[in-house]
Each structure stands twice: as C-alpha cells, then as structure tokens.
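Beneath this line is the structure, given in structure tokens, with notes to follow.
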Amino acid sequence: MRPDPDTLAIHGGPPVRTRPWMENLTLGEEEKRAVREAMERGVLSFFEGSHAPEPPFSFWGGPRVQALERAWCEAYGIRYAVGMNSATSGLIAAIGALGLGYGDEVIVSPYTMSAAASCPLVYGAIPVFADVKLESGSLDPGSIRARLTDRTRAIVVVHQFGIPADMDPILQLARGRGLKIIEDCAQAHGAKYRGKPVGTFGDIGVFSLNVNKTIQAGEGGLCVTGDEGLRKRLALIRNHAEAVMEEAGCADGTNLLGFNLRPTELTAAIGLEQLKKLKKFNAVRQGYVKALSQRLSRIPFLVPPPCCPHRAFGESGCEDCESAYYLYPLRFLPERCGISREEFAQALRAEGVPFTQGYTRPLYLQPIYQTKRLFKHGYPFSAPENLGSRATYAPGTCPNAEKLYEHQMLVSEWVRPPHLLEDVLDIARAIEKVAKTVGGPPLG
Ligand SMILES: Cc1ncc(COP(=O)(O)O)c(C=O)c1O
C-alpha cells in the first residue's frame with residue numbers, strides 16, 4: 001500500500017524532504033581566481049605595525065585590503081572603511097575608537113549575537129539591555145528611551161536578521177543627548193532604511209564576512225565611518241596603536257591599546273569578489289522570502305517577518321526600506337495553535353525541515369552578566385566609576401526578547417543560495433502539511 005502523503009513523518013508518513021540542506025556556498029570561480037592571484041604574489045599580508053614602513057608594506061595594509069576598503073566606500077556611499085579580521089573585532093574597535101569606558105553605559109540589544117552586547121566591557125563600559133520589538137527582533141526605541149540615564153553614552157543598534165532597525169526615532173533620541181551610535185550590520189549587508197544603506201546612519205557601522213554571512217570570506221569584517229578622526233583611531237586599534245600613535249600624530253591615547261585585528265590579503269581578495277555579487281544574492285534572498293511568506297501568511301498561528309521596520313508582510317507603502325534577510329525569522333503564536341512550539345518544530349524536523357527554536361537566549365542571562373564578573377575582582381562591573389550604574393540583568397528585564405526566545409521564534413537559515421526556490425518551497429510544504437493536523441490529536 002502506498003503511504004498516505006498527508007500522514008506526518010513523525011507518525012511514520014513520508015517526509016516532505018529527504019535531500020540535505022546546503023551550506024552557505026557563495027564562492028565561485030571569481031573568488032578562486034582572486035585567491036590564486038594573491039597566492040602568486042606570495043605575500044599574504046602587507047600590514048606592518050609601524051607608521052612609516054618600507055613600501056609595499058604599510059600601516060594601512062596591502063593593495064587588496066585597501067582596494068576592498070575603497071570598493072566598500074563606493075558601494076555604501078561613505079567616506080572611510082577600515083578592514084578588520086571579524087565583526088567582533090570591528091565592534092570592539094568601534095567602542096574603543098569612540099573613547100567609551102569606565103563610568104559609561106552603552107545601550108545594547110539582548111536578542112542578538114553576544115559580541116554586539118559585550119563589546120563595551122572590553123573597555124570597562126557597562127552594557128544596558130533595552131528590549132526589542134516582537135515584530136522584528138530589533139531594538140525598540142521606546143525601551144531605549146526608558147533605559148537612558150545620565151551615564152548613557154552610546155547605543156549599539158543591530159539590524160537583526162537583516163531587517164533594518166527603526167533608525168529615525170533612535171537617531172532622534174541620540175542627537176538630542178549627544179549619544180554615539182554604532183550600527184551592527186553583520187546580518188544586514190545591503191539593507192536600506194529610507195533609501196540609504198544601513199551602516200551609514202551612525203558614527204560607525206560594522207560588517208561581518210564570516211562564513212555564514214550573505215557575503216563572506218570565511219572570516220573577516222569591516223568598519224565604516226564618515227569621520228576622519230574615527231577612521232584613524234579604528235586603524236590604530238586594528239594595528240598596534242600604542243606603538244605608533246606618536247608617529248601617527250595622535251595626541252589622545254585614550255583606549256589606544258592596539259590589537260592585531262588585521263585582515264589578510266586573501267580575506268580582502270575574496271571580499272572584493274563577494275561584494276560585487278551582493279545585490280544579486282540579496283535579490284535571490286528577497287525573492288525566496290516573499291514566496292515563502294506569501295504561502296505562510298495564510299496560516300493563522302504564524303507571522304512571517306516584516307518587510308521593513310514600518311510594514312508587516314503583505315502591507316504596501318514602504319518603498320524606501322529594503323531588508324536583506326540574512327535569516328528567516330518566523331513567529332509562532334502558540335495561543336492560536338493546539339500544540340507547543342517544541343511539538344511543531346519536532347514535526348517539521350521529521351519532515352526534513354529543521355528550524356532553530358528561539359534564536360539566542362537573552363544575553364543578560366549569560367553567566368558574565370548574572371555573576372557581574374568578567375575580569376578579576378568583578379571588574380569592570382565593580383569598578384568605582386561603574387558602581388552608580390543601575391543596569392540590571394534580572395530575568396524579566398526584556399520581556400519581548402524572553403517571549404521570542406521561549407515561545408515564539410522559529411528561525412530558518414535556508415532562504416539563501418545555493419538553494420533554489422523549489423528547495424525553499426519545501427519549507428512551505430512541510431509547514432502546510434503539519435499545520436493541517438494542528439488542533440487535532442497530539443503529534444508526538
Ligand atoms: C549581529 C552580529 N554581530 C556580530 C557578529 C560577529 O561577527 P564575526 O563572526 O565576524 O565576529 C555576528 C556574527 O554572527 C552577528 O550576527
């Protein structure tokens with residue numbers, strides 16, 4: 001007897017998909033050629049930790065690193081780009097370049113990758129977690145306002161999942177108080193807010209080229225800024241600042257302990273080729289998300305990701321924002337459905353369509369924040385300058401982040417090349433199949 005295709009795989013029926021999902025395979029012949037050329041040159045880094053080395057060695061890095069920075073500036077319409085070996089390095093360098101430190105509070109998101117919140121701690125500043133919007137997972141301007149104190153100096157705004165954060169109210173809050181803004185665009189290459197690329201609104205924008213990102217070089221990152229002084233400080237922190245700040249004509253040494261955050265010529269060679277493909281990759285992702293969301297928006301207990309910070313999926317009228325959809329964040333509303341998220345995800349996994357449940361645990365629940373101990377003697381939390389901070393990391397601090405994590409969020413990473421639309425529609429087929437049984441007998 002042929003198996004009934006409607007029988008759930010978890011009940012012994014045929015799964016929707018048996019083919020494996022693919023890794024983020026974005027590299028082509030162009031990248032291979034670029035790497036070969038760099039290899040043939042034979043020198044894989046031209047950086048030198050001295051301000052006036054013998055050419056072709058340079059404090060600013062070699063020809064490919066500088067070419068990537070120029071190409072990035074052109075693509076983003078911004079004055080300066082500073083290549084890094086990761087976005088984590090870029091975030092740390094950004095906090096350092098802005099001169100933040102002991103006694104300062106930096107507002108951060110709890111619902112993202114850990115470095116976007118922990119970067120202030122490296123220089124002794126205190127992360128203060130504001131809540132996120134349920135719709136997008138990005139910082140809620142109302143919650144930012146509620147967390148402002150006379151110690152607040154900066155905000156790290158993450159364009160979460162590639163959906164631009166709502167920059168207008170955030171910029172308004174920041175301008176009124178002279179706060180600095182770092183935009184974390186690790187997940188948002190090429191996303192636009194009101195017609196302008198994200199990363200170009202704040203003081204410093206930070207991008208990642210790690211292996212999972214829309215464009216990638218295995219590892220790598222960049223910072224962008226319109227400010228010449230910040231560019232210099234970023235470059236100093238990237239490259240042994242304390243040893244060269246005098247030669248660089250830099251009088252203020254605050255935070256200028258230089259690390260080695262330098263990218264190689266290979267990273268830059270690959271990054272340059274990937275940047276040329278960004279628009280194409282984003283168009284593919286946007287097409288997949290639209291097709292998938294059209295199908296899923298018919299299911300009453302699911303909420304597809306919004307088009308932008310101003311519009312839910314299916315609403316029209318926001319032509320000047322563009323999401324880059326690094327991931328596909330799907331909200332599951334358990335109160336509208338007969339089963340739990342765990343049961344739903346289990347049934348999908350059996351159909352060959354795995355989802356990550358919850359995304360990241362709200363970051364303030366990590367041991368570092370719960371114990372308020374990073375460096376010896378509880379520093380920087382216990383530093384005299386920080387004792388007046390009222391930052392709290394208690395459970396319940398950011399109810400929306402906790403709700404998304406515990407109950408609502410389901411994340412798929414498959415809405416990307418090299419998958420084809422047919423692959424992506426397997427996600428819809430599996431969800432539709434499982435959704436048909438919801439409200440019936442328990443799935444398990
Ligand atoms: C929002 C966000 N910020 C920062 C990072 C760190 O990027 P990298 O791996 O390049 O250090 C990531 C990477 O996952 C990220 O998603």
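Ligands are numbered from 1 in the order shown, residues from 1 within each chain, and chains are lettered A, B, ... in the order they appear in the structure tokens.
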
Considering only C-alpha atoms, give me a table of residues in segment 138-240 of chain A that are at most 12 Å from segment 98-118 of chain A, with the closest atom pair and distance in Å for each, as CSV.
residue,atom,partner,partner_atom,distance
A:Ser138,CA,A:Ser109,CA,7.4
A:Leu139,CA,A:Ser109,CA,6.0
A:Asp140,CA,A:Ser109,CA,9.2
A:Pro141,CA,A:Ile107,CA,10.9
A:Ser143,CA,A:Ile107,CA,10.0
A:Ile144,CA,A:Ile107,CA,7.1
A:Arg145,CA,A:Ile107,CA,9.8
A:Ala146,CA,A:Ile107,CA,10.7
A:Arg147,CA,A:Ile107,CA,7.6
A:Leu148,CA,A:Ile107,CA,8.0
A:Thr149,CA,A:Glu105,CA,8.2
A:Asp150,CA,A:Glu105,CA,8.9
A:Arg151,CA,A:Asp104,CA,5.3
A:Thr152,CA,A:Glu105,CA,4.5
A:Arg153,CA,A:Glu105,CA,5.9
A:Ala154,CA,A:Val106,CA,4.8
A:Ile155,CA,A:Ile107,CA,4.6
A:Val156,CA,A:Val108,CA,5.2
A:Val157,CA,A:Val108,CA,6.9
A:Val158,CA,A:Ser109,CA,7.2
A:His159,CA,A:Thr112,CA,9.5
A:Gln160,CA,A:Thr112,CA,7.0
A:Phe161,CA,A:Thr112,CA,9.0
A:Gly162,CA,A:Thr112,CA,11.6
A:Ala165,CA,A:Ser109,CA,11.3
A:Ile170,CA,A:Ile107,CA,11.3
A:Ala174,CA,A:Ile107,CA,11.0
A:Leu179,CA,A:Val106,CA,9.3
A:Lys180,CA,A:Leu98,CA,7.7
A:Ile181,CA,A:Leu98,CA,9.5
A:Ile182,CA,A:Leu98,CA,9.4
A:Glu183,CA,A:Ala116,CA,9.5
A:Asp184,CA,A:Ala116,CA,7.1
A:Cys185,CA,A:Ala116,CA,10.2
A:Ala186,CA,A:Met113,CA,9.5
A:Gln187,CA,A:Met113,CA,10.0
A:Gly202,CA,A:Leu98,CA,11.8
A:Asp203,CA,A:Leu98,CA,8.6
A:Ile204,CA,A:Leu98,CA,8.9
A:Gly205,CA,A:Ala116,CA,11.9
A:Val206,CA,A:Ala116,CA,10.0
A:Phe207,CA,A:Ala116,CA,11.5
A:Ser208,CA,A:Met113,CA,11.7
A:Thr225,CA,A:Leu98,CA,11.3
A:Asp227,CA,A:Leu98,CA,11.0
A:Gly229,CA,A:Leu98,CA,9.7
A:Leu230,CA,A:Leu98,CA,7.2
A:Arg231,CA,A:Leu98,CA,10.4
A:Lys232,CA,A:Leu98,CA,11.2
A:Arg233,CA,A:Leu98,CA,8.3
A:Leu234,CA,A:Leu98,CA,9.0
A:Ile237,CA,A:Leu98,CA,11.2

Residues as selected, C-alpha atoms, written as a tab-separated table (two decimals), in the first residue's frame, can you do that?
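This went into again.tsv:
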chain	number	residue	atom	x	y	z
A	138	SER	CA	15.47	44.85	16.70
A	139	LEU	CA	15.78	47.42	19.50
A	140	ASP	CA	12.54	49.15	20.46
A	141	PRO	CA	13.07	52.94	20.54
A	143	SER	CA	12.59	50.79	25.52
A	144	ILE	CA	15.83	52.61	24.65
A	145	ARG	CA	14.27	55.84	25.92
A	146	ALA	CA	13.26	54.15	29.17
A	147	ARG	CA	16.85	52.95	29.76
A	148	LEU	CA	18.58	56.31	29.25
A	149	THR	CA	20.43	57.68	32.26
A	150	ASP	CA	22.94	60.46	32.75
A	151	ARG	CA	25.61	57.78	32.19
A	152	THR	CA	24.36	56.69	28.73
A	153	ARG	CA	26.95	57.49	26.07
A	154	ALA	CA	26.17	55.22	23.13
A	155	ILE	CA	23.77	52.74	21.54
A	156	VAL	CA	24.73	49.62	19.60
A	157	VAL	CA	21.92	49.18	17.08
A	158	VAL	CA	21.78	45.74	15.46
A	159	HIS	CA	19.90	45.37	12.17
A	160	GLN	CA	18.70	41.99	13.32
A	161	PHE	CA	18.06	39.24	10.76
A	162	GLY	CA	18.86	41.81	8.04
A	165	ALA	CA	16.13	48.79	12.74
A	170	ILE	CA	16.73	56.13	17.52
A	174	ALA	CA	20.71	60.05	20.20
A	179	LEU	CA	24.90	59.84	22.15
A	180	LYS	CA	27.13	57.89	19.78
A	181	ILE	CA	25.66	55.20	17.55
A	182	ILE	CA	27.34	52.01	16.39
A	183	GLU	CA	25.35	50.08	13.81
A	184	ASP	CA	25.94	46.34	13.78
A	185	CYS	CA	25.27	45.33	10.17
A	186	ALA	CA	26.79	41.85	10.42
A	187	GLN	CA	23.45	40.41	9.27
A	202	GLY	CA	25.50	56.18	12.94
A	203	ASP	CA	29.07	57.13	13.87
A	204	ILE	CA	30.47	53.72	12.93
A	205	GLY	CA	28.92	50.79	11.02
A	206	VAL	CA	30.28	47.26	11.43
A	207	PHE	CA	30.05	44.38	8.94
A	208	SER	CA	30.98	40.70	9.11
A	225	THR	CA	32.62	55.86	9.19
A	227	ASP	CA	34.68	60.80	10.33
A	229	GLY	CA	39.40	61.04	13.26
A	230	LEU	CA	37.41	57.87	13.92
A	231	ARG	CA	38.92	56.23	10.87
A	232	LYS	CA	42.39	56.90	12.24
A	233	ARG	CA	41.52	55.61	15.70
A	234	LEU	CA	39.94	52.46	14.23
A	237	ILE	CA	43.31	49.95	17.33

Quiz item: Could you pull the residues within 10 Å of Val353 of chain A, counting only C-alpha atoms, minus those fewer than 6 positions along the same chain, as a ChimeraX atom specification?
Solution: /A:15-21,345-347,412,414,424,426-431

Store the residues picked out above in a file with C-alpha atoms, as a short mmCIF file (atom, residue, chain, number, x, y, z; two decimals), in the first residue's frame.
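So the final result, stored in result12.cif, reads:
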data_model
loop_
_atom_site.label_atom_id
_atom_site.label_comp_id
_atom_site.auth_asym_id
_atom_site.auth_seq_id
_atom_site.Cartn_x
_atom_site.Cartn_y
_atom_site.Cartn_z
CA PRO A 15 8.79 13.19 4.85
CA VAL A 16 8.42 16.25 2.62
CA ARG A 17 12.16 16.43 2.11
CA THR A 18 14.91 13.88 2.28
CA ARG A 19 17.62 15.82 0.42
CA PRO A 20 20.09 17.56 2.75
CA TRP A 21 20.13 21.33 3.07
CA ALA A 345 9.40 22.11 15.40
CA GLN A 346 9.75 18.38 16.08
CA ALA A 347 7.15 17.57 13.45
CA SER A 412 15.34 29.04 9.22
CA TRP A 414 17.78 28.03 4.21
CA VAL A 424 12.77 26.91 -0.19
CA ASP A 426 9.81 22.62 0.79
CA ILE A 427 9.69 24.75 3.93
CA ALA A 428 6.18 25.90 2.98
CA ARG A 429 5.10 22.36 2.04
CA ALA A 430 6.27 20.92 5.35
CA ILE A 431 4.65 23.70 7.37
#

Quiz prompt | From A:Leu91, A:Ala401, A:Leu236, A:Ile163, residue lying nearest ligand 1 [only C-alpha atoms and all ligand atoms] | solution =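 Selected residue with least distance to ligand 1: A:Leu91.
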
Self-check item: Which residue of A:Leu173, A:Leu121, A:Ile92, A:Leu44 approaches ligand 1 most closely, using only C-alpha atoms and all ligand atoms
Solution: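 Using only C-alpha atoms and all ligand atoms, ligand 1 sits closest to A:Ile92.
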
Exercise. Give me every strand (DSSP E) residue in segment 220-313 of chain A, going by DSSP on the backbone, as a ChimeraX atom specification.
Key: /A:221-225,302-303

Those same residues, written as an mmCIF file, in the first residue's frame with N, CA and C atoms?
data_model
loop_
_atom_site.group_PDB
_atom_site.id
_atom_site.type_symbol
_atom_site.label_atom_id
_atom_site.label_comp_id
_atom_site.auth_asym_id
_atom_site.auth_seq_id
_atom_site.Cartn_x
_atom_site.Cartn_y
_atom_site.Cartn_z
ATOM 1 N N GLY A 221 35.865 41.218 8.448
ATOM 2 C CA GLY A 221 34.898 42.256 8.806
ATOM 3 C C GLY A 221 35.361 43.606 8.318
ATOM 4 N N LEU A 222 34.505 44.595 8.463
ATOM 5 C CA LEU A 222 34.873 45.983 8.123
ATOM 6 C C LEU A 222 34.114 46.929 9.036
ATOM 7 N N CYS A 223 34.743 48.089 9.305
ATOM 8 C CA CYS A 223 34.036 49.206 9.926
ATOM 9 C C CYS A 223 33.919 50.308 8.884
ATOM 10 N N VAL A 224 32.829 51.057 8.914
ATOM 11 C CA VAL A 224 32.725 52.245 8.061
ATOM 12 C C VAL A 224 32.429 53.458 8.932
ATOM 13 N N THR A 225 32.887 54.611 8.478
ATOM 14 C CA THR A 225 32.621 55.858 9.193
ATOM 15 C C THR A 225 32.772 57.041 8.231
ATOM 16 N N LEU A 302 0.992 31.675 12.438
ATOM 17 C CA LEU A 302 2.360 32.064 12.046
ATOM 18 C C LEU A 302 2.391 33.515 11.584
ATOM 19 N N VAL A 303 3.491 34.197 11.909
ATOM 20 C CA VAL A 303 3.669 35.580 11.444
ATOM 21 C C VAL A 303 4.986 35.653 10.672
#

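Considering the residues A:Ala9, A:Leu257, A:Leu327, A:Ala350 and counting only C-alpha atoms and all ligand atoms, ligand 1 has its shortest atom-to-atom contact with A:Leu327.
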
Practice problem: Could you tell me which of A:Arg331, A:Arg33, A:His189, A:Arg298 comes closest to ligand 1 if we count only C-alpha atoms and all ligand atoms? | Solution: A:His189

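Take atom CA of Asn210 of chain A and atom CA of Ala87 of chain A: the distance between them is 8.1 Å.
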
Quiz item: Restricting the calculation to only C-alpha atoms and all ligand atoms, which member of A:Val438, A:Val284, A:Ala394, A:Ala188 is positioned closest to ligand 1?
Solution: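 Counting only C-alpha atoms and all ligand atoms, the residue closest to ligand 1 is A:Ala188.
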
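Among the candidates A:Arg416, A:Lys213, A:Arg177, A:Lys32, the residue lying nearest to ligand 1 is A:Lys213 (atoms considered: only C-alpha atoms and all ligand atoms).
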
So which residues of segment 161-259 of chain A fall under helix (DSSP H, G or I) by DSSP, listed as a tab-separated table (two decimals) with C-alpha atoms, in the first residue's frame?
chain	number	residue	atom	x	y	z
A	161	PHE	CA	18.06	39.24	10.76
A	162	GLY	CA	18.86	41.81	8.04
A	167	MET	CA	16.59	54.44	12.78
A	168	ASP	CA	14.57	57.69	12.77
A	169	PRO	CA	13.40	57.61	16.40
A	170	ILE	CA	16.73	56.13	17.52
A	171	LEU	CA	18.70	58.91	15.79
A	172	GLN	CA	16.36	61.49	17.27
A	173	LEU	CA	16.96	60.16	20.79
A	174	ALA	CA	20.71	60.05	20.20
A	175	ARG	CA	21.01	63.53	18.67
A	176	GLY	CA	19.11	65.17	21.49
A	177	ARG	CA	21.59	63.79	24.03
A	228	GLU	CA	38.38	61.06	9.58
A	229	GLY	CA	39.40	61.04	13.26
A	230	LEU	CA	37.41	57.87	13.92
A	231	ARG	CA	38.92	56.23	10.87
A	232	LYS	CA	42.39	56.90	12.24
A	233	ARG	CA	41.52	55.61	15.70
A	234	LEU	CA	39.94	52.46	14.23
A	235	ALA	CA	43.07	51.85	12.15
A	236	LEU	CA	45.28	52.41	15.18
A	237	ILE	CA	43.31	49.95	17.33
A	238	ARG	CA	43.48	47.47	14.44
A	241	ALA	CA	48.17	51.62	18.34
A	242	GLU	CA	50.26	52.19	21.43
A	243	ALA	CA	53.45	51.59	19.50
A	244	VAL	CA	52.70	54.01	16.68

Self-check item: Near-segment 258-274 of chain A list (6 Å; only C-alpha atoms; drop same-chain fewer than 6 positions) as a list in words
Solution: Glu31, Ala34, Val35, Leu44, Ser45, Arg64, Val65, Leu68, Met84, Asn85, Ile215, Ala217, Ile237, Arg238, Asn239, His240, Ala241 and Glu242 of chain A
